[in-house]
Amino acid sequence: MNLFEEIREAVKGLYSLAVGMGVTGRYFVKPEVTVHYPRKTVDNIQTYSGHVELLQGKKNPLESDCIMCGTCERNCPSGCLTVKYEEIVEENPEPEKKKKKTKKMTGLIYDYSYCSLCGQCIENCPVDALGFSNHVYWAEFDRCNITLDLLARLREKLSKSS
């Protein structure tokens with residue numbers, strides 16, 4: 001290697017260093033994007049997308065609009081949602097008519113330890129019964145504590161608000 005090649009390599013390295021320091025310098029003078037918890041807390045929680053949550057109904061605010069179709073369960077790549085329901089067969093007084101079958105939700109089990117927060121369940125819900133929560137400050141030491149019944153959680157939330 002001759003002298004000119006060594007000088008060229010040194011100048012190339014200095015240029016690379018200057019470009020890197022320029023990028024670092026620009027981010028150094030910009031305002032903070034992250035929050036250093038617990039020294040600071042989050043100001044705008046409305047933009048946070050936390051765990052999946054069952055939303056209160058648009059038609060009846062005391063219930064969920066979920067129709068128990070199982071689309072959320074089928075579209076979840078992590079397999080963290082389980083829809084539980086029971087079929088209720090209503091007897092018809094007229095014998096020639098069919099019995100009426102209805103579904104009643106008994107639970108929507110959500111295992112947050114498997115969830116990748118991709119939003120496929122929310123995106124594919126035909127009645128928009130699911131959404132992301134704004135639950136920011138949630139930490140557990142045991143995986144058993146992050147398996148939720150979303151229906152029970154919604155009922156508890158609605159009973160507190162009324």
# chains A, B, ... in the order shown; residues from 1 in each chain; ligands from 1
call {"tool": "residues_around", "arguments": {"residues": "Gly107 in chain A", "least_positions_apart": "4", "cutoff": "9 Å", "atoms": "only C-alpha atoms", "output": "ChimeraX atom specification"}}
result
/A:82-85,149-152
call {"tool": "write_last_selection", "arguments": {"atoms": "N, CA and C atoms", "output": "PDB file, in the first residue's frame"}}
result
ATOM      1  N   THR A  82     -59.419 -16.652  23.184  1.00  0.00           N
ATOM      2  CA  THR A  82     -60.342 -17.775  23.200  1.00  0.00           C
ATOM      3  C   THR A  82     -61.732 -17.247  23.521  1.00  0.00           C
ATOM      4  N   VAL A  83     -62.663 -17.433  22.593  1.00  0.00           N
ATOM      5  CA  VAL A  83     -64.045 -16.992  22.796  1.00  0.00           C
ATOM      6  C   VAL A  83     -64.809 -18.139  23.438  1.00  0.00           C
ATOM      7  N   LYS A  84     -65.443 -17.860  24.582  1.00  0.00           N
ATOM      8  CA  LYS A  84     -66.250 -18.867  25.267  1.00  0.00           C
ATOM      9  C   LYS A  84     -67.704 -18.403  25.262  1.00  0.00           C
ATOM     10  N   TYR A  85     -68.587 -19.296  24.851  1.00  0.00           N
ATOM     11  CA  TYR A  85     -70.014 -18.962  24.819  1.00  0.00           C
ATOM     12  C   TYR A  85     -70.817 -20.229  25.034  1.00  0.00           C
ATOM     13  N   ASP A 149     -59.774 -12.288  31.549  1.00  0.00           N
ATOM     14  CA  ASP A 149     -61.084 -12.520  30.975  1.00  0.00           C
ATOM     15  C   ASP A 149     -61.599 -11.138  30.585  1.00  0.00           C
ATOM     16  N   LEU A 150     -61.581 -10.834  29.293  1.00  0.00           N
ATOM     17  CA  LEU A 150     -61.933  -9.498  28.828  1.00  0.00           C
ATOM     18  C   LEU A 150     -63.399  -9.161  29.083  1.00  0.00           C
ATOM     19  N   LEU A 151     -64.275 -10.166  29.095  1.00  0.00           N
ATOM     20  CA  LEU A 151     -65.685  -9.916  29.382  1.00  0.00           C
ATOM     21  C   LEU A 151     -65.862  -9.506  30.843  1.00  0.00           C
ATOM     22  N   ALA A 152     -65.208 -10.210  31.752  1.00  0.00           N
ATOM     23  CA  ALA A 152     -65.288  -9.865  33.176  1.00  0.00           C
ATOM     24  C   ALA A 152     -64.678  -8.485  33.423  1.00  0.00           C
TER      25      ALA A 152
END
call {"tool": "residues_around", "arguments": {"residues": "Lys104 in chain A", "least_positions_apart": "6", "cutoff": "12 Å", "atoms": "only C-alpha atoms", "output": "ChimeraX atom specification"}}
result
/A:63-69,83-89,151
call {"tool": "atom_distance", "arguments": {"atom1": "CA of Val42 in chain A", "atom2": "CA of Ser78 in chain A"}}
result
28.4 Å
call {"tool": "closest_atom_pairs", "arguments": {"of": "range 6-92 of chain A", "to": "range 119-123 of chain A", "cutoff": "10 Å", "atoms": "only C-alpha atoms", "output": "tab-separated table"}}
result
residue	atom	partner	partner_atom	distance
A:Ser49	CA	A:Gly119	CA	9.6
A:His51	CA	A:Gly119	CA	9.5
A:Val52	CA	A:Ile122	CA	7.8
A:Glu53	CA	A:Ile122	CA	9.1
A:Leu54	CA	A:Ile122	CA	9.6
A:Gly70	CA	A:Cys121	CA	9.6
A:Thr71	CA	A:Cys121	CA	7.2
A:Cys72	CA	A:Cys121	CA	4.2
A:Glu73	CA	A:Cys121	CA	7.1
A:Arg74	CA	A:Cys121	CA	8.3
A:Asn75	CA	A:Cys121	CA	6.0
A:Cys76	CA	A:Cys121	CA	5.8
A:Pro77	CA	A:Gln120	CA	8.0
A:Leu81	CA	A:Cys121	CA	8.6
call {"tool": "write_last_selection", "arguments": {"atoms": "C-alpha atoms", "output": "mmCIF file, in the first residue's frame"}}
result
data_model
loop_
_atom_site.group_PDB
_atom_site.id
_atom_site.type_symbol
_atom_site.label_atom_id
_atom_site.label_comp_id
_atom_site.auth_asym_id
_atom_site.auth_seq_id
_atom_site.Cartn_x
_atom_site.Cartn_y
_atom_site.Cartn_z
ATOM 1 C CA SER A 49 -51.810 1.119 22.184
ATOM 2 C CA HIS A 51 -53.283 -4.777 25.354
ATOM 3 C CA VAL A 52 -56.459 -5.840 23.537
ATOM 4 C CA GLU A 53 -59.694 -4.872 25.237
ATOM 5 C CA LEU A 54 -63.387 -5.656 24.768
ATOM 6 C CA GLY A 70 -64.676 -16.322 16.440
ATOM 7 C CA THR A 71 -63.000 -14.195 13.761
ATOM 8 C CA CYS A 72 -60.640 -12.667 16.327
ATOM 9 C CA GLU A 73 -59.659 -16.122 17.549
ATOM 10 C CA ARG A 74 -59.020 -17.448 14.028
ATOM 11 C CA ASN A 75 -57.032 -14.394 12.842
ATOM 12 C CA CYS A 76 -54.757 -14.191 15.886
ATOM 13 C CA PRO A 77 -51.292 -15.409 14.789
ATOM 14 C CA LEU A 81 -57.662 -15.228 22.300
#
call {"tool": "closest_residue", "arguments": {"among": "A:Ile45, A:Thr106, A:Ser113, A:His36", "to": "Asp142 in chain A", "atoms": "only C-alpha atoms"}}
result
A:Ser113
call {"tool": "select_by_dssp", "arguments": {"residues": "range 6-119 of chain A", "states": "alpha helix (DSSP H)", "output": "mmCIF file with C-alpha atoms, in the first residue's frame"}}
result
data_model
loop_
_atom_site.group_PDB
_atom_site.id
_atom_site.type_symbol
_atom_site.label_atom_id
_atom_site.label_comp_id
_atom_site.auth_asym_id
_atom_site.auth_seq_id
_atom_site.Cartn_x
_atom_site.Cartn_y
_atom_site.Cartn_z
ATOM 1 C CA GLU A 6 -3.245 5.329 3.175
ATOM 2 C CA ILE A 7 -4.132 9.023 3.086
ATOM 3 C CA ARG A 8 -7.273 8.245 1.060
ATOM 4 C CA GLU A 9 -8.350 5.577 3.621
ATOM 5 C CA ALA A 10 -7.737 8.022 6.506
ATOM 6 C CA VAL A 11 -9.804 10.773 4.821
ATOM 7 C CA LYS A 12 -12.565 8.255 4.073
ATOM 8 C CA GLY A 13 -12.616 7.196 7.733
ATOM 9 C CA LEU A 14 -12.717 10.820 8.932
ATOM 10 C CA TYR A 15 -15.598 11.546 6.540
ATOM 11 C CA SER A 16 -17.503 8.529 7.889
ATOM 12 C CA LEU A 17 -16.856 9.732 11.453
ATOM 13 C CA ALA A 18 -18.099 13.238 10.590
ATOM 14 C CA VAL A 19 -21.310 11.877 9.022
ATOM 15 C CA GLY A 20 -21.984 9.711 12.076
ATOM 16 C CA MET A 21 -21.315 12.576 14.474
ATOM 17 C CA GLY A 22 -23.671 14.785 12.421
ATOM 18 C CA VAL A 23 -26.507 12.284 12.807
ATOM 19 C CA THR A 24 -25.801 11.977 16.532
ATOM 20 C CA GLY A 25 -25.635 15.768 16.895
ATOM 21 C CA ARG A 26 -29.011 16.268 15.202
ATOM 22 C CA TYR A 27 -30.702 13.819 17.588
ATOM 23 C CA PHE A 28 -28.858 15.365 20.537
ATOM 24 C CA VAL A 29 -30.493 18.781 20.037
ATOM 25 C CA THR A 71 -63.000 -14.195 13.761
ATOM 26 C CA CYS A 72 -60.640 -12.667 16.327
ATOM 27 C CA GLU A 73 -59.659 -16.122 17.549
ATOM 28 C CA ARG A 74 -59.020 -17.448 14.028
ATOM 29 C CA ASN A 75 -57.032 -14.394 12.842
#
call {"tool": "atom_distance", "arguments": {"atom1": "CA of Tyr112 in chain A", "atom2": "CA of Lys58 in chain A"}}
result
25.6 Å
call {"tool": "atom_distance", "arguments": {"atom1": "CA of Tyr37 in chain A", "atom2": "CA of Gly50 in chain A"}}
result
16.3 Å
